[in-house]
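Notes follow the structure.
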Amino acid sequence: MKKWLLVVSALLVVAMVGCSSDSEANGDGGDGGDAKYQIGVTQIVEHPSLDAAQEGFKAAINDAGLDADFDVQVAQDPKNNKPIAEKFVGNKVDLIFANSTPSAQSVLNETKDIPIVFTSVTDPVGANLVDSMEKPGGNVTGTSDTHPEAMQKTLSFMTEEAGVESIGMIYNAGEQNSVSQVEKVKELTDGSVEVKEATVSSSAEVKQAAESLAGKVDAFYIITDNTVVSALESVLLVGQDQKTPVFVAELDSVKRGGVAAYGFDYYDIGYEAGEKAVKILEEGKKPGDIPATYPQNLKLLINKDAAKKMGLEIKDEWKDMAEFTEGEE
């Protein structure tokens, strides 16, 4: 009889240990103190802006004191987004951080249950990720990588301060994010400047596309197109050879050698996305009830060396309206 009781007791202990291990792996530590969260990170490509956003996201999680494992997957090719999403869903991660529009769209197609927090998405409503910025709905929320006034201010600076009358735009027509930005440029300029386009399907085609526009436009304007931004240096070389200023859409690209942009730090929007993830994991809030947001800070950054190499003279009055950087990172 005693031997039978010992066997039953041992089985109960094994069962309890097994339940405890599963609970910790999925962020359900019971009292919350021992929870270890599994977070899937999906990113379309590696480039400084997206990498900075990912760094900011992780910093917010760590600053909040959450114990988390990050499974980072970089697609490199859009066709890899779906298997990455399927992997995270199969592993039943606690939350998915989607860093780019195609990454977020892929995970949303695979799950309506696991919380999704996105960033580096220019048009969350147009990409059908959220019902509205104020009330996203469903299992998703996040931060946009466009400030409502950034594009307008950059275009105004190009035309009114730098005297640009024609703009060359290179983009991947397969990215909804990019198509909406090109249409926005046309809407904002309303025919006051000539917009010439060149489309690409891979980063290998970017230099040739830039060369096709060189000499036909006063300046390039490189929007937040992941395909083009990942090969930005090839456009900068064309701009330097042709003395055609390359204006960009975010500050990391200015630091890489673009002439100027009104923008924000990608680290900051990644951090703000991480703060939303903390509310979901630690406070139990529903993603769809947390408003999606735009970047909070906006400033003009000018790269002195890039302006000199591309033949753009720095005016004295710009010193009162901009911050400056030098060199290339």
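Naming works like this for the structure tokens: A, B, ... for the chains as they're shown, residue 1 at the start of each chain, ligands 1 onward in shown order.
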
(message) Residues near Leu129 in chain A, anyone? I mean within 12 Å using only C-alpha atoms, not counting same-chain ones fewer than 6 positions away, as an NGL selection string.
(response) :A and (98 or 100-109 or 112 or 116-119 or 121-123 or 135-144 or 177 or 287-288 or 292)

(message) Which residues are near Leu232 in chain A? Cut-off 9 Å, only C-alpha atoms, ignore same chain within fewer than 2 positions. Put them as a count of residues only.
(response) 16

(request) as number ranges by chain, please: all residues of range 149-321 of chain A that backbone DSSP puts in strand (DSSP E). (result) A: 166-172, 194-200, 219-222, 246-248, 260-263, 299-303

Suppose we keep N, CA, C and O atoms; can you now write the selection as a short mmCIF file (atom, residue, chain, number, x, y, z; two decimals), in the first residue's frame?
```cif
data_model
loop_
_atom_site.label_atom_id
_atom_site.label_comp_id
_atom_site.auth_asym_id
_atom_site.auth_seq_id
_atom_site.Cartn_x
_atom_site.Cartn_y
_atom_site.Cartn_z
N SER A 166 11.53 69.63 -60.27
CA SER A 166 11.20 68.28 -60.75
C SER A 166 11.84 67.27 -59.81
O SER A 166 12.96 67.45 -59.34
N ILE A 167 11.09 66.20 -59.55
CA ILE A 167 11.50 65.21 -58.54
C ILE A 167 11.54 63.82 -59.16
O ILE A 167 10.60 63.40 -59.83
N GLY A 168 12.63 63.09 -58.89
CA GLY A 168 12.73 61.70 -59.32
C GLY A 168 12.41 60.78 -58.16
O GLY A 168 12.97 60.93 -57.07
N MET A 169 11.49 59.83 -58.37
CA MET A 169 11.10 58.89 -57.31
C MET A 169 11.31 57.46 -57.78
O MET A 169 10.88 57.08 -58.86
N ILE A 170 11.99 56.67 -56.95
CA ILE A 170 12.24 55.26 -57.24
C ILE A 170 11.54 54.44 -56.16
O ILE A 170 11.69 54.73 -54.97
N TYR A 171 10.79 53.43 -56.57
CA TYR A 171 10.05 52.65 -55.57
C TYR A 171 9.67 51.29 -56.11
O TYR A 171 9.67 51.05 -57.33
N ASN A 172 9.35 50.39 -55.18
CA ASN A 172 8.88 49.05 -55.51
C ASN A 172 7.36 49.11 -55.60
O ASN A 172 6.67 49.27 -54.59
N GLU A 194 7.17 68.64 -61.25
CA GLU A 194 7.05 67.46 -62.11
C GLU A 194 7.60 66.24 -61.35
O GLU A 194 8.71 66.29 -60.82
N VAL A 195 6.82 65.17 -61.30
CA VAL A 195 7.24 63.94 -60.62
C VAL A 195 7.50 62.86 -61.68
O VAL A 195 6.61 62.50 -62.44
N LYS A 196 8.76 62.39 -61.72
CA LYS A 196 9.13 61.32 -62.65
C LYS A 196 9.43 60.06 -61.84
O LYS A 196 10.16 60.12 -60.86
N GLU A 197 8.87 58.92 -62.29
CA GLU A 197 8.96 57.69 -61.50
C GLU A 197 9.81 56.63 -62.21
O GLU A 197 9.87 56.59 -63.44
N ALA A 198 10.42 55.77 -61.39
CA ALA A 198 11.09 54.57 -61.89
C ALA A 198 10.81 53.47 -60.86
O ALA A 198 11.03 53.66 -59.67
N THR A 199 10.29 52.33 -61.32
CA THR A 199 9.95 51.26 -60.39
C THR A 199 10.99 50.13 -60.45
O THR A 199 11.63 49.92 -61.49
N VAL A 200 11.14 49.45 -59.33
CA VAL A 200 12.06 48.32 -59.22
C VAL A 200 11.34 47.17 -58.53
O VAL A 200 10.33 47.36 -57.85
N ALA A 219 16.13 66.84 -58.41
CA ALA A 219 16.50 66.16 -57.17
C ALA A 219 15.78 64.82 -57.11
O ALA A 219 14.76 64.61 -57.77
N PHE A 220 16.35 63.90 -56.31
CA PHE A 220 15.66 62.66 -55.99
C PHE A 220 14.94 62.84 -54.65
O PHE A 220 15.40 63.57 -53.77
N TYR A 221 13.81 62.14 -54.50
CA TYR A 221 13.15 62.07 -53.20
C TYR A 221 12.92 60.59 -52.92
O TYR A 221 12.07 59.96 -53.57
N ILE A 222 13.68 60.04 -51.97
CA ILE A 222 13.59 58.62 -51.65
C ILE A 222 12.67 58.43 -50.45
O ILE A 222 13.00 58.81 -49.33
N VAL A 246 19.99 64.22 -53.23
CA VAL A 246 19.11 63.11 -52.87
C VAL A 246 18.46 63.43 -51.52
O VAL A 246 19.10 63.32 -50.47
N PHE A 247 17.20 63.86 -51.57
CA PHE A 247 16.44 64.08 -50.34
C PHE A 247 15.80 62.74 -49.93
O PHE A 247 15.49 61.91 -50.80
N VAL A 248 15.62 62.54 -48.65
CA VAL A 248 15.13 61.26 -48.15
C VAL A 248 13.94 61.49 -47.21
O VAL A 248 13.53 62.63 -47.00
N ALA A 260 18.90 65.72 -46.89
CA ALA A 260 18.08 66.30 -45.82
C ALA A 260 16.74 65.60 -45.72
O ALA A 260 16.27 64.96 -46.68
N ALA A 261 16.10 65.73 -44.56
CA ALA A 261 14.75 65.21 -44.36
C ALA A 261 14.17 65.80 -43.09
O ALA A 261 14.89 66.09 -42.14
N TYR A 262 12.87 65.98 -43.11
CA TYR A 262 12.13 66.15 -41.85
C TYR A 262 11.79 64.74 -41.38
O TYR A 262 11.29 63.92 -42.16
N GLY A 263 12.10 64.44 -40.15
CA GLY A 263 11.83 63.08 -39.71
C GLY A 263 11.96 62.89 -38.23
O GLY A 263 11.88 63.85 -37.45
N LYS A 299 11.79 66.83 -36.75
CA LYS A 299 12.84 67.84 -36.90
C LYS A 299 13.46 67.75 -38.29
O LYS A 299 13.37 66.71 -38.96
N LEU A 300 14.10 68.85 -38.72
CA LEU A 300 14.81 68.88 -40.00
C LEU A 300 16.28 68.59 -39.74
O LEU A 300 16.92 69.25 -38.92
N LEU A 301 16.82 67.59 -40.45
CA LEU A 301 18.23 67.23 -40.33
C LEU A 301 18.89 67.37 -41.70
O LEU A 301 18.36 66.86 -42.70
N ILE A 302 20.03 68.06 -41.75
CA ILE A 302 20.77 68.28 -43.01
C ILE A 302 22.16 67.69 -42.86
O ILE A 302 22.84 67.92 -41.85
N ASN A 303 22.61 66.97 -43.90
CA ASN A 303 23.96 66.41 -43.92
C ASN A 303 24.86 67.35 -44.73
O ASN A 303 24.73 67.45 -45.95
#
```

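Taking CA of Glu211 in chain A and CA of Val238 in chain A as the two end points, the separation is 6.5 Å.
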
Out of range 30-190 of chain A, which residues get helix (DSSP H, G or I) from DSSP, as a compact mmCIF listing (two decimals) with C-alpha atoms, in the first residue's frame?
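Done, and the output landed in selection29.txt:
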```txt
# COMPACT_ATOMS: atom_id res chain seq x y z
CA PRO A 48 19.68 50.84 -40.30
CA SER A 49 16.15 52.23 -39.84
CA LEU A 50 14.46 48.87 -39.31
CA ASP A 51 17.35 47.67 -37.16
CA ALA A 52 17.04 50.79 -34.99
CA ALA A 53 13.28 50.21 -34.60
CA GLN A 54 13.94 46.64 -33.49
CA GLU A 55 16.54 47.88 -31.00
CA GLY A 56 14.07 50.39 -29.57
CA PHE A 57 11.35 47.74 -29.23
CA LYS A 58 13.62 45.42 -27.26
CA ALA A 59 14.80 48.31 -25.06
CA ALA A 60 11.22 49.14 -24.04
CA ILE A 61 10.59 45.50 -23.09
CA ASN A 62 13.81 45.35 -21.08
CA ASP A 63 13.27 48.76 -19.44
CA PRO A 78 8.88 38.77 -49.30
CA LYS A 79 8.03 35.14 -50.05
CA ASN A 80 9.59 34.19 -46.71
CA ASN A 81 7.13 36.26 -44.67
CA LYS A 82 4.43 33.58 -44.67
CA PRO A 83 6.57 30.67 -43.35
CA ILE A 84 7.97 32.98 -40.64
CA ALA A 85 4.43 33.86 -39.56
CA GLU A 86 3.40 30.20 -39.63
CA LYS A 87 6.37 29.32 -37.42
CA PHE A 88 5.43 31.88 -34.76
CA VAL A 89 1.80 30.76 -34.75
CA GLY A 90 2.85 27.10 -34.55
CA ASN A 91 5.12 27.90 -31.60
CA THR A 101 4.17 46.56 -43.68
CA PRO A 102 4.57 43.20 -45.50
CA SER A 103 5.74 41.56 -42.26
CA ALA A 104 2.65 42.78 -40.40
CA GLN A 105 0.26 41.81 -43.19
CA SER A 106 1.66 38.28 -43.27
CA VAL A 107 1.28 37.62 -39.54
CA LEU A 108 -2.21 39.12 -39.48
CA ASN A 109 -3.18 36.68 -42.24
CA GLU A 110 -2.05 33.78 -40.05
CA ALA A 150 6.89 65.16 -42.41
CA MET A 151 6.35 64.68 -46.14
CA GLN A 152 4.69 68.08 -46.61
CA LYS A 153 7.52 69.86 -44.77
CA THR A 154 10.23 67.99 -46.71
CA LEU A 155 8.56 68.78 -50.04
CA SER A 156 8.14 72.43 -49.04
CA PHE A 157 11.81 72.62 -48.09
CA MET A 158 12.82 71.07 -51.44
CA THR A 159 10.71 73.44 -53.53
CA GLU A 160 10.76 76.68 -51.53
CA GLU A 161 14.25 76.57 -50.03
CA GLN A 176 1.49 49.17 -50.89
CA ASN A 177 3.39 51.36 -48.47
CA SER A 178 5.34 52.87 -51.37
CA VAL A 179 2.47 53.28 -53.80
CA SER A 180 0.50 55.29 -51.25
CA GLN A 181 3.49 57.57 -50.64
CA VAL A 182 3.99 58.31 -54.34
CA GLU A 183 0.32 59.19 -54.63
CA LYS A 184 0.64 61.40 -51.57
CA VAL A 185 3.55 63.31 -53.10
CA LYS A 186 1.48 64.00 -56.22
CA GLU A 187 -1.45 65.10 -54.09
CA LEU A 188 0.65 67.45 -51.96
CA THR A 189 2.51 69.04 -54.86
```

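Using only C-alpha atoms for every distance, the candidate list A:Asp218, A:Asp241, A:Glu165, A:Glu233 yields A:Glu165 as the residue closest to Ser192 in chain A.
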
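The list of residues with at least one atom within 8 Å of Gln240 in chain A, based on only C-alpha atoms and without residues fewer than 5 positions apart in the same chain, reads Pro245, Lys309 and Met310 of chain A.
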
Using C-alpha atoms, can you export the residues from the last selection as a PDB file, in the first residue's frame?
```
ATOM      1  CA  PRO A 245      20.662  66.221 -54.413  1.00  0.00           C
ATOM      2  CA  LYS A 309      29.065  66.393 -52.731  1.00  0.00           C
ATOM      3  CA  MET A 310      25.720  66.838 -54.530  1.00  0.00           C
TER       4      MET A 310
END
```

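The space separating CA of Thr293 in chain A from CA of Val125 in chain A comes to 11.6 Å.
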
(request) Just the residues within 8 Å of range 36-44 of chain A, please, counting only C-alpha atoms, with nothing from its chain fewer than 6 positions along; format it as a PyMOL selection string. (result) chain A and resi 24-29+50+66-78+81+84-85+88+93-100+102-103+226
